[in-house]
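Read through the structure below, which is laid out as structure tokens, and then see the notes.
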Amino acid sequence: MRGRGQWIIDSSGISFADYPFFPATVFPAATIAWEQVDDIDPLAPPPTVRVGAELLMVSAVHASCARSAQRRADRPRRAGRPRAGR
């Protein structure tokens, strides 16, 4: 059984590790550059990142993770990427 997946946000984009859903483009691991990210919804259950027609999901373990993701999601908004509410 695969893990729940993790995401790491940095200046180059969003890195996915141990992504559990095949046939996602980030399975089992990949980095999506900010230029490819259409929007982020860090408070959705589960948090999501939209890349073109693909919706990538990452499990939120608890509420503090969601708040942390929301703060980090401000980075792409400053770079011109919207934060979505689904």
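Chain identifiers are assigned as A, B, and so on, following the order in which chains appear in the structure tokens; residues are numbered from 1 within each chain, and ligands are numbered from 1 in order of appearance.
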Contacts of A:Ala33 within 10 Å, only C-alpha atoms, excl. fewer than 4 positions in-chain, as a list in words | Asp10, Ser11, Ser12, Gly13, Ile14, Ser15, Val37 and Val51 of chain A
Write out the residues from the selection above, keeping C-alpha atoms, as a compact mmCIF listing (two decimals), in the first residue's frame.
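Produced file selection_22.txt, reproduced below:
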# COMPACT_ATOMS: atom_id res chain seq x y z
CA ASP A 10 9.75 26.08 -2.58
CA SER A 11 10.87 28.77 -5.01
CA SER A 12 11.03 26.36 -7.96
CA GLY A 13 7.53 24.90 -7.55
CA ILE A 14 5.70 22.11 -5.76
CA SER A 15 7.43 18.76 -5.27
CA VAL A 37 0.35 25.55 -11.66
CA VAL A 51 -2.24 21.65 -13.37
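Compared by their closest atoms to A:Gly5, and using only C-alpha atoms, the residues A:Thr48, A:Val26, A:Glu54, A:Ala17 rank with A:Ala17 nearest.
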Give me the residues within 7 Å of A:Phe16 as a list in words, counting only C-alpha atoms and dropping any in the same chain fewer than 5 places off.
->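 So, after excluding close chain neighbours, the residues are Gln6, Trp7, Ile8, Val26, Ala29, Ala30 and Thr31 of chain A.
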Kindly give the distance, in Å, that separates atom CA of A:Gln36 and atom CA of A:Leu56, rounded to a single decimal.
->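 Atom CA of A:Leu56 lies at a distance of 12.5 Å from atom CA of A:Gln36.
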Pairwise distance, atom CA of A:Asp38 with atom CA of A:Tyr19, equals 19.2 Å
d(atom CA of A:Pro28, atom CA of A:Leu43) in Å |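 A separation of 23.1 Å between them.
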Which residues come within 12 Å of A:Leu55, counting only C-alpha atoms, excluding same-chain residues fewer than 4 positions away, as a short mmCIF file (atom, residue, chain, number, x, y, z; two decimals) with all heavy atoms, in the first residue's frame?
data_model
loop_
_atom_site.label_atom_id
_atom_site.label_comp_id
_atom_site.auth_asym_id
_atom_site.auth_seq_id
_atom_site.Cartn_x
_atom_site.Cartn_y
_atom_site.Cartn_z
N PHE A 21 -1.53 7.98 -6.34
CA PHE A 21 -2.51 7.75 -7.40
C PHE A 21 -1.86 7.63 -8.77
O PHE A 21 -1.45 8.62 -9.37
CB PHE A 21 -3.56 8.86 -7.41
CG PHE A 21 -4.24 9.04 -6.09
CD1 PHE A 21 -4.04 10.19 -5.34
CD2 PHE A 21 -5.06 8.05 -5.57
CE1 PHE A 21 -4.66 10.37 -4.12
CE2 PHE A 21 -5.69 8.21 -4.34
CZ PHE A 21 -5.49 9.37 -3.62
N PRO A 23 -2.73 7.06 -12.51
CA PRO A 23 -1.83 7.53 -13.54
C PRO A 23 -1.50 9.02 -13.48
O PRO A 23 -1.27 9.64 -14.52
CB PRO A 23 -2.59 7.23 -14.81
CG PRO A 23 -4.01 7.49 -14.43
CD PRO A 23 -4.11 7.08 -12.99
N ALA A 24 -1.51 9.63 -12.31
CA ALA A 24 -1.18 11.05 -12.19
C ALA A 24 0.20 11.32 -12.75
O ALA A 24 1.10 10.49 -12.67
CB ALA A 24 -1.24 11.48 -10.72
N THR A 25 0.38 12.51 -13.30
CA THR A 25 1.68 12.86 -13.89
C THR A 25 2.79 12.92 -12.84
O THR A 25 3.96 12.84 -13.19
CB THR A 25 1.61 14.21 -14.62
OG1 THR A 25 1.16 15.21 -13.71
CG2 THR A 25 0.67 14.14 -15.80
N VAL A 26 2.43 13.07 -11.58
CA VAL A 26 3.44 13.16 -10.52
C VAL A 26 3.65 11.82 -9.80
O VAL A 26 4.37 11.77 -8.81
CB VAL A 26 3.09 14.25 -9.49
CG1 VAL A 26 3.11 15.62 -10.15
CG2 VAL A 26 1.76 13.98 -8.81
N VAL A 37 1.44 25.58 -12.65
CA VAL A 37 0.35 25.55 -11.66
C VAL A 37 -0.72 26.55 -12.06
O VAL A 37 -0.45 27.73 -12.23
CB VAL A 37 0.89 25.88 -10.25
CG1 VAL A 37 -0.26 25.98 -9.25
CG2 VAL A 37 1.90 24.83 -9.81
N ASP A 38 -1.97 26.04 -12.21
CA ASP A 38 -3.09 26.93 -12.53
C ASP A 38 -3.72 27.51 -11.28
O ASP A 38 -4.07 28.69 -11.25
CB ASP A 38 -4.14 26.19 -13.36
CG ASP A 38 -3.61 25.85 -14.74
OD1 ASP A 38 -2.98 26.72 -15.36
OD2 ASP A 38 -3.81 24.71 -15.19
N ASP A 39 -3.92 26.70 -10.25
CA ASP A 39 -4.42 27.20 -8.97
C ASP A 39 -4.20 26.18 -7.87
O ASP A 39 -3.85 25.03 -8.13
CB ASP A 39 -5.88 27.64 -9.03
CG ASP A 39 -6.85 26.52 -9.35
OD1 ASP A 39 -6.78 25.45 -8.70
OD2 ASP A 39 -7.70 26.70 -10.23
N ILE A 40 -4.37 26.66 -6.63
CA ILE A 40 -4.17 25.84 -5.43
C ILE A 40 -5.36 26.07 -4.51
O ILE A 40 -5.81 27.20 -4.34
CB ILE A 40 -2.89 26.24 -4.68
CG1 ILE A 40 -1.67 26.01 -5.55
CG2 ILE A 40 -2.76 25.49 -3.36
CD1 ILE A 40 -0.39 26.56 -4.95
N ASP A 41 -5.86 24.99 -3.91
CA ASP A 41 -6.89 25.10 -2.88
C ASP A 41 -6.38 24.36 -1.65
O ASP A 41 -6.63 23.17 -1.47
CB ASP A 41 -8.22 24.53 -3.35
CG ASP A 41 -9.35 24.83 -2.38
OD1 ASP A 41 -9.08 25.41 -1.30
OD2 ASP A 41 -10.50 24.49 -2.70
N ALA A 44 -9.14 22.76 0.83
CA ALA A 44 -10.09 21.74 0.36
C ALA A 44 -9.80 20.42 1.07
O ALA A 44 -8.67 20.15 1.44
CB ALA A 44 -9.93 21.55 -1.15
N PRO A 46 -9.37 16.80 0.28
CA PRO A 46 -8.01 17.15 0.63
C PRO A 46 -7.53 18.37 -0.15
O PRO A 46 -8.14 18.74 -1.15
CB PRO A 46 -7.22 15.91 0.19
CG PRO A 46 -7.96 15.43 -1.01
CD PRO A 46 -9.42 15.69 -0.69
N PRO A 47 -6.41 19.00 0.29
CA PRO A 47 -5.84 20.12 -0.46
C PRO A 47 -5.54 19.70 -1.90
O PRO A 47 -5.18 18.55 -2.16
CB PRO A 47 -4.55 20.43 0.29
CG PRO A 47 -4.80 19.92 1.67
CD PRO A 47 -5.64 18.70 1.49
N THR A 48 -5.73 20.63 -2.85
CA THR A 48 -5.54 20.30 -4.25
C THR A 48 -4.68 21.34 -4.97
O THR A 48 -4.63 22.50 -4.58
CB THR A 48 -6.89 20.20 -4.98
OG1 THR A 48 -7.58 21.44 -4.85
CG2 THR A 48 -7.74 19.06 -4.43
N VAL A 49 -4.04 20.87 -6.03
CA VAL A 49 -3.27 21.71 -6.94
C VAL A 49 -3.76 21.37 -8.34
O VAL A 49 -3.78 20.20 -8.74
CB VAL A 49 -1.75 21.41 -6.83
CG1 VAL A 49 -0.97 22.22 -7.86
CG2 VAL A 49 -1.26 21.68 -5.43
N ARG A 50 -4.19 22.38 -9.10
CA ARG A 50 -4.65 22.14 -10.47
C ARG A 50 -3.53 22.46 -11.44
O ARG A 50 -2.95 23.55 -11.41
CB ARG A 50 -5.88 22.97 -10.81
CG ARG A 50 -6.43 22.65 -12.20
CD ARG A 50 -7.68 23.42 -12.53
NE ARG A 50 -8.72 23.25 -11.55
CZ ARG A 50 -9.56 22.22 -11.51
NH1 ARG A 50 -9.45 21.25 -12.38
NH2 ARG A 50 -10.50 22.17 -10.58
N VAL A 51 -3.24 21.50 -12.32
CA VAL A 51 -2.24 21.65 -13.37
C VAL A 51 -2.93 21.25 -14.66
O VAL A 51 -3.16 20.07 -14.91
CB VAL A 51 -1.00 20.76 -13.11
CG1 VAL A 51 0.01 20.90 -14.23
CG2 VAL A 51 -0.38 21.10 -11.77
N ALA A 84 -7.56 28.84 -5.32
CA ALA A 84 -8.94 28.49 -5.66
C ALA A 84 -9.72 28.06 -4.45
O ALA A 84 -9.17 27.60 -3.46
CB ALA A 84 -8.93 27.36 -6.68
N ARG A 86 -12.82 25.40 -4.03
CA ARG A 86 -13.67 24.45 -4.77
C ARG A 86 -14.80 23.99 -3.89
O ARG A 86 -14.70 23.79 -2.77
CB ARG A 86 -12.85 23.25 -5.20
CG ARG A 86 -11.83 23.64 -6.24
CD ARG A 86 -11.17 22.42 -6.84
NE ARG A 86 -9.74 22.43 -6.82
CZ ARG A 86 -8.98 23.37 -7.34
NH1 ARG A 86 -9.50 24.43 -7.87
NH2 ARG A 86 -7.68 23.28 -7.30
#
